[in-house]
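What's in start.txt: compact mmCIF, C-alpha atoms and all ligand atoms
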```txt
# COMPACT_ATOMS: atom_id res chain seq x y z
CA MET T 29 80.63 -44.43 80.91
CA ASP T 30 77.33 -43.02 82.07
CA HIS T 31 75.69 -42.00 85.32
CA PHE T 32 72.65 -44.32 85.19
CA LEU T 33 73.47 -46.76 87.97
CA TYR T 34 71.52 -48.88 90.44
CA ARG T 35 71.53 -47.79 94.03
CA ASP T 36 69.55 -49.73 96.67
CA GLY T 37 67.97 -51.72 93.86
CA VAL T 38 66.67 -48.67 91.98
CA MET T 39 68.15 -47.17 88.82
CA HIS T 40 69.27 -43.60 89.42
CA ALA T 41 70.24 -40.81 87.09
CA GLU T 42 73.18 -39.40 89.05
CA ASP T 43 71.69 -38.99 92.56
CA VAL T 44 68.02 -39.00 91.53
CA ALA T 45 65.91 -42.16 91.58
CA LEU T 46 64.12 -42.65 88.27
CA THR T 47 61.06 -43.74 90.28
CA GLU T 48 60.84 -40.20 91.68
CA ILE T 49 60.89 -38.65 88.20
CA ALA T 50 58.30 -41.11 86.87
CA GLU T 51 55.98 -40.47 89.81
CA THR T 52 56.25 -36.70 89.50
CA VAL T 53 56.32 -36.17 85.72
CA GLY T 54 54.59 -39.32 84.54
CA THR T 55 55.73 -41.56 81.70
CA PRO T 56 57.00 -41.78 79.06
CA VAL T 57 59.75 -39.24 79.77
CA TYR T 58 63.30 -38.72 78.55
CA VAL T 59 65.85 -38.28 81.35
CA TYR T 60 69.30 -36.79 80.68
CA SER T 61 72.35 -36.66 82.93
CA THR T 62 74.38 -33.45 83.04
CA ALA T 63 77.44 -35.21 84.46
CA THR T 64 77.41 -37.68 81.57
CA ILE T 65 77.09 -34.95 78.92
CA GLU T 66 79.92 -33.00 80.52
CA ARG T 67 82.05 -36.09 80.92
CA HIS T 68 81.70 -37.11 77.28
CA PHE T 69 82.52 -33.61 76.10
CA ARG T 70 85.60 -33.53 78.34
CA VAL T 71 86.77 -36.99 77.25
CA PHE T 72 86.44 -36.02 73.60
CA ARG T 73 88.30 -32.75 74.16
CA GLU T 74 91.07 -34.58 76.03
CA ALA T 75 91.34 -37.11 73.20
CA LEU T 76 92.14 -34.20 70.88
CA ALA T 77 94.63 -32.57 73.26
CA ALA T 78 97.55 -33.15 70.85
CA LEU T 79 95.86 -30.88 68.28
CA ASP T 80 96.25 -27.12 68.10
CA ASP T 81 93.03 -25.51 69.40
CA PRO T 82 90.44 -27.77 67.73
CA LEU T 83 86.81 -26.61 67.56
CA ILE T 84 84.31 -29.11 68.89
CA ALA T 85 81.06 -28.14 67.19
CA TYR T 86 78.40 -30.32 68.82
CA ALA T 87 75.95 -31.68 66.22
CA VAL T 88 72.75 -30.06 67.48
CA LYS T 89 70.56 -32.53 65.58
CA ALA T 90 71.46 -35.28 68.05
CA ASN T 91 69.69 -33.50 70.91
CA PRO T 92 68.64 -29.88 70.49
CA ASN T 93 66.97 -29.38 73.87
CA ALA T 94 67.80 -25.86 75.10
CA ALA T 95 69.06 -27.17 78.44
CA VAL T 96 71.35 -29.68 76.74
CA LEU T 97 72.71 -26.95 74.47
CA ALA T 98 73.22 -24.58 77.39
CA THR T 99 75.09 -27.32 79.27
CA LEU T 100 77.40 -27.79 76.29
CA ALA T 101 77.77 -24.05 75.68
CA ARG T 102 78.94 -23.71 79.29
CA ALA T 103 81.48 -26.50 78.67
CA GLY T 104 82.86 -24.54 75.71
CA ALA T 105 81.23 -26.35 72.78
CA GLY T 106 80.52 -24.81 69.40
CA ALA T 107 77.66 -26.09 67.25
CA ASP T 108 77.13 -27.86 63.96
CA VAL T 109 73.69 -26.81 62.72
CA VAL T 110 71.69 -27.95 59.70
CA SER T 111 68.74 -25.57 59.64
CA GLY T 112 67.73 -22.05 60.54
CA GLY T 113 65.90 -23.54 63.50
CA GLU T 114 69.02 -25.23 64.85
CA LEU T 115 70.99 -22.03 64.27
CA LYS T 116 68.47 -20.06 66.34
CA ARG T 117 68.62 -22.68 69.07
CA ALA T 118 72.43 -22.60 69.17
CA LEU T 119 72.50 -18.80 69.35
CA ALA T 120 69.77 -18.77 72.02
CA ALA T 121 71.83 -21.20 74.09
CA GLY T 122 74.70 -18.72 74.09
CA ILE T 123 77.00 -20.48 71.65
CA ALA T 124 79.32 -17.89 70.08
CA PRO T 125 78.45 -17.38 66.38
CA GLY T 126 82.13 -17.80 65.46
CA LYS T 127 81.93 -21.38 66.81
CA ILE T 128 78.96 -22.31 64.62
CA VAL T 129 79.27 -24.35 61.44
CA PHE T 130 76.30 -24.67 59.07
CA SER T 131 76.02 -28.04 57.26
CA GLY T 132 73.29 -29.59 55.09
CA VAL T 133 72.42 -30.02 51.42
CA GLY T 134 69.35 -27.79 51.37
CA LYS T 135 70.18 -24.45 52.98
CA THR T 136 67.72 -21.89 51.69
CA ALA T 137 68.60 -18.29 50.82
CA ASP T 138 66.69 -17.16 53.94
CA GLU T 139 68.68 -19.51 56.15
CA MET T 140 71.91 -18.30 54.56
CA ALA T 141 70.94 -14.68 55.27
CA LEU T 142 70.12 -15.56 58.88
CA ALA T 143 73.52 -17.21 59.32
CA LEU T 144 75.40 -14.40 57.56
CA ASN T 145 73.73 -11.78 59.73
CA ALA T 146 74.60 -13.81 62.83
CA GLY T 147 78.25 -13.99 61.70
CA ILE T 148 78.73 -17.76 61.88
CA GLY T 149 82.19 -19.28 61.58
CA GLN T 150 81.78 -21.45 58.49
CA PHE T 151 79.33 -22.66 55.89
CA ASN T 152 79.93 -26.24 54.78
CA LEU T 153 78.74 -26.16 51.18
CA GLU T 154 77.45 -29.32 49.58
CA SER T 155 77.23 -28.24 45.91
CA GLU T 156 78.41 -25.59 43.51
CA GLU T 157 74.81 -24.51 43.09
CA GLU T 158 74.78 -23.74 46.80
CA ALA T 159 78.01 -21.73 46.47
CA GLU T 160 76.33 -19.66 43.77
CA THR T 161 73.30 -18.88 45.95
CA LEU T 162 75.42 -18.10 49.02
CA SER T 163 77.62 -15.80 46.97
CA GLU T 164 74.55 -13.90 45.75
CA VAL T 165 73.01 -13.66 49.22
CA ALA T 166 76.27 -12.53 50.85
CA ALA T 167 77.01 -9.99 48.15
CA SER T 168 73.50 -8.55 48.38
CA LEU T 169 73.92 -8.12 52.15
CA GLY T 170 77.43 -6.70 51.79
CA LEU T 171 78.76 -9.54 53.95
CA THR T 172 81.37 -12.23 53.44
CA ALA T 173 80.73 -15.93 54.00
CA ARG T 174 83.61 -18.17 55.07
CA VAL T 175 83.10 -21.48 53.35
CA ALA T 176 84.34 -25.02 53.04
CA PHE T 177 83.16 -27.60 50.55
CA ARG T 178 82.01 -30.87 51.99
CA ILE T 179 83.87 -33.50 50.01
CA ASN T 180 82.23 -36.83 49.29
CA PRO T 181 85.25 -39.13 49.58
CA ASP T 182 83.40 -42.20 48.24
CA VAL T 183 84.22 -44.48 51.15
CA ASP T 184 81.90 -47.02 52.71
CA ALA T 185 81.46 -46.15 56.39
CA GLY T 186 80.28 -49.68 57.15
CA THR T 187 77.27 -48.43 59.08
CA HIS T 188 73.49 -48.74 58.53
CA ALA T 189 72.62 -47.67 54.95
CA LYS T 190 70.21 -45.00 56.20
CA ILE T 191 72.94 -43.22 58.17
CA SER T 192 75.82 -43.70 55.71
CA THR T 193 76.70 -40.45 53.90
CA GLY T 194 80.13 -40.78 52.27
CA ARG T 195 79.39 -42.97 49.25
CA SER T 196 79.35 -41.43 45.78
CA GLU T 197 75.67 -42.37 45.39
CA ASN T 198 74.69 -40.48 48.56
CA LYS T 199 73.29 -36.94 48.29
CA PHE T 200 76.04 -35.38 50.39
CA GLY T 201 78.98 -33.20 49.40
CA ILE T 202 80.70 -32.69 46.07
CA PRO T 203 82.53 -35.53 44.33
CA HIS T 204 86.18 -35.78 45.27
CA ASP T 205 87.30 -35.65 41.63
CA ILE T 206 85.67 -32.30 40.83
CA ALA T 207 86.81 -30.63 44.07
CA ARG T 208 89.75 -28.68 42.61
CA ALA T 209 87.63 -27.21 39.82
CA ALA T 210 84.85 -26.36 42.28
CA TYR T 211 87.29 -24.58 44.62
CA ALA T 212 88.72 -22.58 41.70
CA ARG T 213 85.23 -21.47 40.63
CA ALA T 214 84.14 -20.70 44.20
CA ALA T 215 87.26 -18.62 44.91
CA ALA T 216 86.33 -16.35 42.02
CA ARG T 217 82.83 -15.63 43.37
CA PRO T 218 82.06 -12.43 45.25
CA GLY T 219 80.87 -12.57 48.85
CA ILE T 220 82.54 -15.85 49.75
CA VAL T 221 86.00 -16.73 51.02
CA VAL T 222 87.13 -20.31 50.66
CA GLN T 223 88.74 -21.25 53.98
CA GLY T 224 88.44 -24.99 54.41
CA VAL T 225 87.48 -28.51 53.54
CA ALA T 226 84.88 -30.69 55.25
CA VAL T 227 84.00 -34.37 55.35
CA HIS T 228 81.47 -36.51 57.21
CA ILE T 229 80.94 -40.10 56.11
CA GLY T 230 78.23 -41.40 58.41
CA SER T 231 77.05 -42.04 61.94
CA GLN T 232 77.51 -44.80 64.53
CA LEU T 233 80.85 -45.83 62.99
CA THR T 234 82.37 -48.72 64.89
CA ASP T 235 85.60 -48.98 62.88
CA LEU T 236 88.23 -46.27 62.43
CA ALA T 237 89.44 -47.61 59.06
CA PRO T 238 86.83 -45.87 56.85
CA LEU T 239 87.40 -42.60 58.72
CA GLU T 240 91.14 -42.95 58.22
CA ARG T 241 90.63 -43.62 54.50
CA ALA T 242 88.40 -40.55 54.18
CA PHE T 243 90.78 -38.29 56.12
CA THR T 244 93.74 -39.52 54.07
CA ARG T 245 91.91 -38.59 50.86
CA ILE T 246 91.13 -35.18 52.31
CA GLY T 247 94.82 -34.74 53.18
CA THR T 248 95.79 -35.37 49.57
CA LEU T 249 93.17 -32.89 48.42
CA ILE T 250 94.39 -30.25 50.91
CA ALA T 251 97.90 -30.50 49.43
CA ALA T 252 96.52 -30.18 45.90
CA LEU T 253 94.35 -27.16 46.82
CA ARG T 254 97.33 -25.47 48.45
CA GLY T 255 99.28 -26.16 45.27
CA ASP T 256 96.46 -24.42 43.39
CA GLY T 257 97.01 -21.33 45.54
CA HIS T 258 94.13 -21.60 48.05
CA ALA T 259 94.95 -20.29 51.52
CA LEU T 260 93.24 -22.90 53.70
CA ALA T 261 92.65 -22.43 57.42
CA THR T 262 90.27 -25.19 58.54
CA ALA T 263 89.48 -28.86 58.04
CA ASP T 264 86.15 -30.13 59.39
CA LEU T 265 86.33 -33.87 60.02
CA GLY T 266 82.63 -34.30 60.85
CA GLY T 267 81.14 -36.52 63.53
CA GLY T 268 80.17 -40.14 63.43
CA LEU T 269 82.19 -41.95 66.09
CA GLY T 270 80.02 -44.79 67.38
CA ILE T 271 79.02 -45.54 70.96
CA PRO T 272 78.24 -48.79 72.80
CA TYR T 273 74.53 -49.73 72.66
CA ASP T 274 74.76 -53.46 73.36
CA PRO T 275 76.97 -54.34 76.33
CA ALA T 276 77.48 -57.82 74.85
CA ARG T 277 79.17 -56.47 71.72
CA PRO T 278 82.78 -55.31 71.33
CA LEU T 279 83.32 -51.69 72.31
CA PRO T 280 83.60 -49.20 69.44
CA PRO T 281 86.93 -47.36 69.11
CA SER T 282 87.51 -44.99 72.03
CA PRO T 283 87.76 -41.23 71.61
CA ALA T 284 91.47 -41.62 72.52
CA ASP T 285 92.00 -44.09 69.63
CA TYR T 286 90.14 -41.73 67.32
CA GLY T 287 92.18 -38.72 68.52
CA ALA T 288 95.47 -40.58 68.02
CA MET T 289 94.46 -41.58 64.48
CA VAL T 290 93.43 -38.00 63.66
CA ALA T 291 96.68 -36.58 65.10
CA ARG T 292 98.70 -39.03 62.97
CA ILE T 293 96.84 -38.40 59.71
CA THR T 294 96.62 -34.61 60.08
CA ALA T 295 100.11 -34.02 61.55
CA ASP T 296 101.37 -31.98 58.59
CA TRP T 297 98.11 -30.30 57.58
CA GLY T 298 98.75 -27.10 59.56
CA LEU T 299 95.00 -26.38 59.76
CA ARG T 300 92.54 -25.75 62.58
CA LEU T 301 90.50 -28.93 62.89
CA ILE T 302 86.76 -28.87 63.48
CA PHE T 303 84.79 -31.87 64.82
CA GLU T 304 81.04 -32.39 64.81
CA PRO T 305 80.28 -35.12 67.36
CA GLY T 306 76.63 -35.63 68.25
CA ARG T 307 75.83 -39.14 69.42
CA LEU T 308 79.16 -39.50 71.24
CA ILE T 309 78.35 -36.55 73.48
CA VAL T 310 74.70 -37.19 74.33
CA GLY T 311 73.84 -40.79 73.35
CA ASN T 312 74.65 -42.48 76.64
CA ALA T 313 73.57 -39.41 78.58
CA GLY T 314 69.87 -40.15 78.18
CA VAL T 315 67.28 -42.83 78.85
CA LEU T 316 63.66 -43.10 77.84
CA LEU T 317 61.72 -43.96 80.96
CA THR T 318 58.47 -45.82 80.35
CA ARG T 319 55.91 -47.84 82.29
CA VAL T 320 54.57 -51.27 81.47
CA ILE T 321 50.88 -50.97 80.63
CA ARG T 322 50.29 -54.71 80.59
CA VAL T 323 51.87 -57.99 79.65
CA LYS T 324 49.97 -60.21 77.22
CA PRO T 325 50.82 -63.72 76.11
CA GLY T 326 52.54 -64.19 72.74
CA SER T 327 52.97 -67.27 70.58
CA ALA T 328 56.47 -67.75 71.95
CA SER T 329 57.43 -65.04 74.45
CA PRO T 330 55.03 -62.60 76.13
CA PHE T 331 54.45 -59.08 74.80
CA VAL T 332 55.47 -56.37 77.24
CA ILE T 333 53.36 -53.37 76.21
CA VAL T 334 54.95 -50.15 77.43
CA ASP T 335 53.59 -46.60 77.33
CA ALA T 336 56.42 -45.40 75.05
CA ALA T 337 56.08 -46.10 71.35
CA MET T 338 57.77 -45.74 67.98
CA ASN T 339 56.69 -42.10 67.85
CA ASP T 340 58.73 -41.40 71.02
CA LEU T 341 61.85 -43.38 70.03
CA MET T 342 61.95 -44.06 66.30
CA ARG T 343 65.39 -45.66 66.06
CA PRO T 344 64.34 -49.32 66.40
CA ALA T 345 61.56 -48.95 63.80
CA LEU T 346 63.69 -46.87 61.44
CA TYR T 347 67.12 -48.48 61.65
CA ASP T 348 66.47 -51.78 63.46
CA ALA T 349 68.45 -50.12 66.23
CA TRP T 350 69.17 -52.09 69.39
CA HIS T 351 68.60 -50.38 72.75
CA ASP T 352 69.29 -52.05 76.06
CA ILE T 353 66.05 -52.44 78.04
CA ARG T 354 66.27 -52.61 81.82
CA ALA T 355 63.88 -52.69 84.73
CA VAL T 356 64.22 -49.60 86.90
CA VAL T 357 63.57 -51.75 89.99
CA PRO T 358 64.72 -55.25 88.97
CA ARG T 359 62.90 -58.19 90.55
CA GLY T 360 66.00 -60.36 90.39
CA GLU T 361 64.51 -62.60 87.69
CA ARG T 362 64.96 -62.72 83.93
CA PHE T 363 62.69 -63.74 81.08
CA ASP T 364 62.50 -63.52 77.30
CA ALA T 365 60.02 -60.94 76.06
CA ASN T 366 58.85 -58.90 73.09
CA VAL T 367 58.79 -55.22 74.03
CA VAL T 368 56.27 -53.17 72.09
CA GLY T 369 54.47 -49.84 72.22
CA PRO T 370 50.75 -49.08 71.89
CA VAL T 371 50.92 -47.68 68.31
CA CYS T 372 48.93 -49.59 65.73
CA GLU T 373 51.83 -50.82 63.61
CA THR T 374 53.87 -53.99 63.81
CA GLY T 375 56.94 -51.73 63.41
CA ASP T 376 56.16 -50.35 66.86
CA THR T 377 58.44 -53.00 68.31
CA PHE T 378 61.48 -52.25 70.46
CA ALA T 379 62.73 -55.81 70.86
CA MET T 380 61.72 -59.37 69.96
CA GLU T 381 62.63 -62.44 72.02
CA ARG T 382 64.85 -60.27 74.20
CA PRO T 383 66.41 -61.78 77.32
CA MET T 384 65.76 -59.07 79.93
CA ASP T 385 64.75 -58.30 83.50
CA ARG T 386 61.35 -59.79 84.26
CA VAL T 387 58.74 -57.04 84.42
CA ALA T 388 55.02 -56.92 85.14
CA ALA T 389 52.22 -54.39 84.64
CA SER T 390 53.02 -50.94 86.10
CA ASP T 391 56.76 -51.65 86.43
CA LEU T 392 59.12 -48.96 85.16
CA VAL T 393 61.44 -49.78 82.29
CA ALA T 394 64.36 -47.75 80.90
CA PHE T 395 65.44 -47.74 77.29
CA MET T 396 69.14 -47.04 77.57
CA THR T 397 71.33 -44.89 75.29
CA ALA T 398 68.40 -42.79 74.16
CA GLY T 399 69.96 -39.35 74.58
CA ALA T 400 70.86 -38.96 70.89
CA TYR T 401 68.28 -39.00 68.09
CA GLY T 402 65.54 -39.83 70.60
CA ALA T 403 63.26 -36.97 71.67
CA THR T 404 64.30 -34.88 68.69
CA MET T 405 63.01 -37.45 66.19
CA ALA T 406 59.73 -37.97 68.04
CA SER T 407 56.41 -37.33 66.33
CA THR T 408 52.83 -37.10 67.47
CA TYR T 409 51.69 -40.12 65.45
CA ASN T 410 48.54 -41.73 66.85
CA SER T 411 47.85 -38.32 68.47
CA ARG T 412 50.36 -39.06 71.17
CA ALA T 413 51.75 -35.87 72.72
CA LEU T 414 55.51 -35.27 72.48
CA THR T 415 57.45 -36.84 75.33
CA PRO T 416 58.62 -34.47 78.06
CA GLU T 417 62.31 -34.20 78.91
CA VAL T 418 64.05 -33.97 82.28
CA LEU T 419 67.63 -32.93 82.99
CA VAL T 420 69.34 -34.20 86.14
CA SER T 421 72.35 -32.59 87.77
CA GLY T 422 73.63 -34.32 90.91
CA GLY T 423 70.66 -34.56 93.27
CA ASP T 424 68.74 -31.87 91.43
CA TRP T 425 66.45 -32.21 88.43
CA ALA T 426 64.21 -30.09 86.26
CA VAL T 427 61.62 -30.60 83.54
CA VAL T 428 63.35 -29.08 80.50
CA ARG T 429 60.44 -29.73 78.16
CA GLU T 430 56.94 -29.93 79.51
CA ARG T 431 54.54 -32.65 78.56
CA GLN T 432 52.29 -31.15 75.94
CA PRO T 433 48.59 -31.78 76.51
CA VAL T 434 46.82 -33.51 73.63
CA GLU T 435 44.44 -30.53 73.66
CA ALA T 436 47.37 -28.40 72.41
CA LEU T 437 47.74 -30.72 69.44
CA ILE T 438 44.07 -30.49 68.64
CA ALA T 439 44.06 -26.71 69.10
CA ALA T 440 46.92 -26.38 66.58
CA ASP T 441 44.64 -27.54 63.77
CA ASN T 442 42.23 -25.12 62.10
CA LEU T 443 38.86 -25.89 60.60
CA PRO T 444 38.31 -24.28 57.18
CA HIS T 445 35.41 -21.82 57.05
CA TRP T 446 33.06 -24.23 55.25
CA LEU T 447 33.30 -26.78 58.04
CA VAL T 448 32.90 -24.11 60.71
CA GLU T 449 29.76 -22.84 58.97
CA GLU T 450 28.37 -26.33 58.73
CA SER T 451 28.90 -27.11 62.39
CA ALA T 452 27.61 -23.69 63.49
N1 LIG N 1 77.91 -33.81 61.06
C1 LIG N 1 77.07 -34.03 60.04
C2 LIG N 1 77.23 -33.29 58.79
C3 LIG N 1 76.04 -34.98 60.18
O1 LIG N 1 75.21 -35.20 59.18
C4 LIG N 1 75.91 -35.69 61.41
C5 LIG N 1 74.84 -36.68 61.58
C6 LIG N 1 76.81 -35.40 62.44
C7 LIG N 1 77.81 -34.46 62.23
C8 LIG N 1 76.73 -36.06 63.76
O2 LIG N 1 76.96 -37.42 63.68
P1 LIG N 1 77.12 -38.30 65.02
O3 LIG N 1 78.40 -37.86 65.67
O4 LIG N 1 75.95 -38.04 65.87
O5 LIG N 1 77.18 -39.68 64.52
N2 LIG N 1 69.15 -40.47 63.28
C9 LIG N 1 70.25 -41.37 63.08
C10 LIG N 1 71.58 -40.65 62.95
C11 LIG N 1 71.61 -39.63 61.83
C12 LIG N 1 72.90 -38.86 61.76
C13 LIG N 1 72.81 -37.74 60.80
N3 LIG N 1 73.97 -36.94 60.70
C14 LIG N 1 70.27 -42.37 64.23
O6 LIG N 1 69.41 -42.31 65.10
O7 LIG N 1 71.10 -43.27 64.25
```
Since I need it in another form, could you write the structure as structure tokens?
Amino acid sequence: MDHFLYRDGVMHAEDVALTEIAETVGTPVYVYSTATIERHFRVFREALAALDDPLIAYAVKANPNAAVLATLARAGAGADVVSGGELKRALAAGIAPGKIVFSGVGKTADEMALALNAGIGQFNLESEEEAETLSEVAASLGLTARVAFRINPDVDAGTHAKISTGRSENKFGIPHDIARAAYARAAARPGIVVQGVAVHIGSQLTDLAPLERAFTRIGTLIAALRGDGHALATADLGGGLGIPYDPARPLPPSPADYGAMVARITADWGLRLIFEPGRLIVGNAGVLLTRVIRVKPGSASPFVIVDAAMNDLMRPALYDAWHDIRAVVPRGERFDANVVGPVCETGDTFAMERPMDRVAASDLVAFMTAGAYGATMASTYNSRALTPEVLVSGGDWAVVRERQPVEALIAADNLPHWLVEESA
């Protein structure tokens, strides 16, 4: 459930008309709803109520805006980070270091040192080579890293290939069948303490079965590691639970279904469970608000050219992702249209032959479910400035990232001395 509803014929974010935001800030602009973020976090926490003190470490990559992080920090969230930059953002938002988990295949020694000095809760290691580096960095700093290995369970998550991570051919984690040997070697290294296991098989999962298969494999491994003498304390079950994008399709499993499955599979593990939801928390909490520049005829349906483009919302171009497209002030008519941006690529297409609200030049349009992997994946391709972001709370709203002038983009480039001399 989200808080983007029509009132008096105008789509609102909570109590704020999207027309007001568009007129004040301009378009395109991302708009997030505090109540929706908080609701999703609460629903997920309640779905895990049967577990003993789980840690919900929000996957910062889904939406790292400082205001979004601060909202989640206030709600009690921890953070799953995958870079030194995300770690700094999580700390700046006031997330307690002990609630931060560091994932990712390519942590550098500098990033490890940053995280060790901050005192984060857990490093999720993705290779033995990484364990070796972390051990060296921790020992040189006189600190101890608490670690888990991310296990690649070799299950097919049944999601888009580009966001599937749990197959043996993917770059993530260590193979399930070498895990016991890897734990034995890691336990002998200085500077690291082996405290857990971790798994994450992919994103936008719409079926619990692959998750259940992965967790069951992890359960077997936990028993074997205990038998080998490891004192385990945590199991990180990753993120990945899907959300509804297309109202015409069956709903993905609910957080309650997920929580019940987890409680059943992990009942005898006796470990603190960690979760890394990203999309589930923020996906439906954001829309990308855009204005129709013009409508031009197409060979079948017309092209609706909007002022947002693939650089602002990459998901359709990158994953053929489907986003609901609605008029902010519907005219009460429908038509079939192709919705495209101004970027000079055919891939800059949000929808083809889409039945949708009829719109005309200068109408406002909302791309729904754009709160996760939207603004954060934006680029400045075609010298388009990064999209600003707005956070709504009740009847109040604030610009939480300013629109960057194109001049700032130009000013960020330097001319080498030989070109300066020439133009002087
Ligand atoms: N934990 C780890 C280790 C991850 O790699 C991810 C996502 C998550 C948690 C959070 O997954 P979520 O709960 O959000 O599904 N850009 C793509 C999604 C990439 C997901 C990458 N990893 C998209 O727009 O669909």
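Distances from T:Val434, T:Ala337, T:Ala107, T:Val57 to ligand LIG 1 (chain N) were compared using all atoms listed in the file, and the smallest one belongs to T:Ala107.
Here CA of Leu299 in chain T is placed at a distance of 20.0 Å from CA of Pro125 in chain T.
Nearest to ligand LIG 1 (chain N) of all the residues T:Ala259, T:Ile202, T:Ala105, T:Ala398 is T:Ala398, counting all atoms listed in the file.
Counting from CA of Asn312 in chain T, the distance to CA of Gly399 in chain T is 6.0 Å.
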Which protein, DNA or RNA residues have an atom within 9 Å of ligand LIG 1 (chain N), counting only C-alpha atoms and all ligand atoms, as a JSON list (two decimals) with C-alpha atoms, in the coordinates of the input?
```
[["chain", "number", "residue", "atom", "x", "y", "z"],
["T", 85, "ALA", "CA", 81.06, -28.14, 67.19],
["T", 86, "TYR", "CA", 78.40, -30.32, 68.82],
["T", 87, "ALA", "CA", 75.95, -31.68, 66.22],
["T", 88, "VAL", "CA", 72.75, -30.06, 67.48],
["T", 89, "LYS", "CA", 70.56, -32.53, 65.58],
["T", 90, "ALA", "CA", 71.46, -35.28, 68.05],
["T", 108, "ASP", "CA", 77.13, -27.86, 63.96],
["T", 109, "VAL", "CA", 73.69, -26.81, 62.72],
["T", 110, "VAL", "CA", 71.69, -27.95, 59.70],
["T", 130, "PHE", "CA", 76.30, -24.67, 59.07],
["T", 131, "SER", "CA", 76.02, -28.04, 57.26],
["T", 132, "GLY", "CA", 73.29, -29.59, 55.09],
["T", 152, "ASN", "CA", 79.93, -26.24, 54.78],
["T", 178, "ARG", "CA", 82.01, -30.87, 51.99],
["T", 188, "HIS", "CA", 73.49, -48.74, 58.53],
["T", 190, "LYS", "CA", 70.21, -45.00, 56.20],
["T", 191, "ILE", "CA", 72.94, -43.22, 58.17],
["T", 192, "SER", "CA", 75.82, -43.70, 55.71],
["T", 193, "THR", "CA", 76.70, -40.45, 53.90],
["T", 200, "PHE", "CA", 76.04, -35.38, 50.39],
["T", 226, "ALA", "CA", 84.88, -30.69, 55.25],
["T", 227, "VAL", "CA", 84.00, -34.37, 55.35],
["T", 228, "HIS", "CA", 81.47, -36.51, 57.21],
["T", 229, "ILE", "CA", 80.94, -40.10, 56.11],
["T", 230, "GLY", "CA", 78.23, -41.40, 58.41],
["T", 231, "SER", "CA", 77.05, -42.04, 61.94],
["T", 232, "GLN", "CA", 77.51, -44.80, 64.53],
["T", 233, "LEU", "CA", 80.85, -45.83, 62.99],
["T", 265, "LEU", "CA", 86.33, -33.87, 60.02],
["T", 266, "GLY", "CA", 82.63, -34.30, 60.85],
["T", 267, "GLY", "CA", 81.14, -36.52, 63.53],
["T", 268, "GLY", "CA", 80.17, -40.14, 63.43],
["T", 269, "LEU", "CA", 82.19, -41.95, 66.09],
["T", 270, "GLY", "CA", 80.02, -44.79, 67.38],
["T", 271, "ILE", "CA", 79.02, -45.54, 70.96],
["T", 303, "PHE", "CA", 84.79, -31.87, 64.82],
["T", 304, "GLU", "CA", 81.04, -32.39, 64.81],
["T", 305, "PRO", "CA", 80.28, -35.12, 67.36],
["T", 306, "GLY", "CA", 76.63, -35.63, 68.25],
["T", 307, "ARG", "CA", 75.83, -39.14, 69.42],
["T", 308, "LEU", "CA", 79.16, -39.50, 71.24],
["T", 309, "ILE", "CA", 78.35, -36.55, 73.48],
["T", 310, "VAL", "CA", 74.70, -37.19, 74.33],
["T", 311, "GLY", "CA", 73.84, -40.79, 73.35],
["T", 342, "MET", "CA", 61.95, -44.06, 66.30],
["T", 343, "ARG", "CA", 65.39, -45.66, 66.06],
["T", 344, "PRO", "CA", 64.34, -49.32, 66.40],
["T", 346, "LEU", "CA", 63.69, -46.87, 61.44],
["T", 347, "TYR", "CA", 67.12, -48.48, 61.65],
["T", 349, "ALA", "CA", 68.45, -50.12, 66.23],
["T", 400, "ALA", "CA", 70.86, -38.96, 70.89],
["T", 401, "TYR", "CA", 68.28, -39.00, 68.09],
["T", 402, "GLY", "CA", 65.54, -39.83, 70.60],
["T", 405, "MET", "CA", 63.01, -37.45, 66.19]]
```
Could you give me, as an mmCIF file with C-alpha atoms, in the frame of the given file, the residues within 9 Å of Ser421 in chain T, counting all atoms listed in the file and dropping anything in the same chain fewer than 2 positions from it?
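Dumped to out.cif:
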```cif
data_model
loop_
_atom_site.group_PDB
_atom_site.id
_atom_site.type_symbol
_atom_site.label_atom_id
_atom_site.label_comp_id
_atom_site.auth_asym_id
_atom_site.auth_seq_id
_atom_site.Cartn_x
_atom_site.Cartn_y
_atom_site.Cartn_z
ATOM 1 C CA ALA T 41 70.240 -40.810 87.090
ATOM 2 C CA GLU T 42 73.180 -39.400 89.050
ATOM 3 C CA ASP T 43 71.690 -38.990 92.560
ATOM 4 C CA VAL T 44 68.020 -39.000 91.530
ATOM 5 C CA TYR T 60 69.300 -36.790 80.680
ATOM 6 C CA SER T 61 72.350 -36.660 82.930
ATOM 7 C CA THR T 62 74.380 -33.450 83.040
ATOM 8 C CA ALA T 63 77.440 -35.210 84.460
ATOM 9 C CA LEU T 419 67.630 -32.930 82.990
ATOM 10 C CA GLY T 423 70.660 -34.560 93.270
ATOM 11 C CA ASP T 424 68.740 -31.870 91.430
ATOM 12 C CA TRP T 425 66.450 -32.210 88.430
ATOM 13 C CA ALA T 426 64.210 -30.090 86.260
#
```
Ranking T:Thr47, T:Asn198, T:Thr294, T:Thr136 by minimum distance to Ile179 in chain T and counting all atoms listed in the file, which one comes first? T:Asn198
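You can rank T:Val53, T:Leu260, T:Met39, T:Val356 by their closest distance to Arg431 in chain T using all atoms listed in the file, and at the top of that list sits T:Val53.
Candidate residues T:Leu119, T:Leu414, T:Leu142, T:Ile302 were compared for distance to Ala98 in chain T, and the nearest is T:Leu119, using all atoms listed in the file.
Considering the residues T:Ala103, T:Ala167, T:Ile293, T:Leu341 and counting all atoms listed in the file, Thr415 in chain T has its shortest atom-to-atom contact with T:Leu341.
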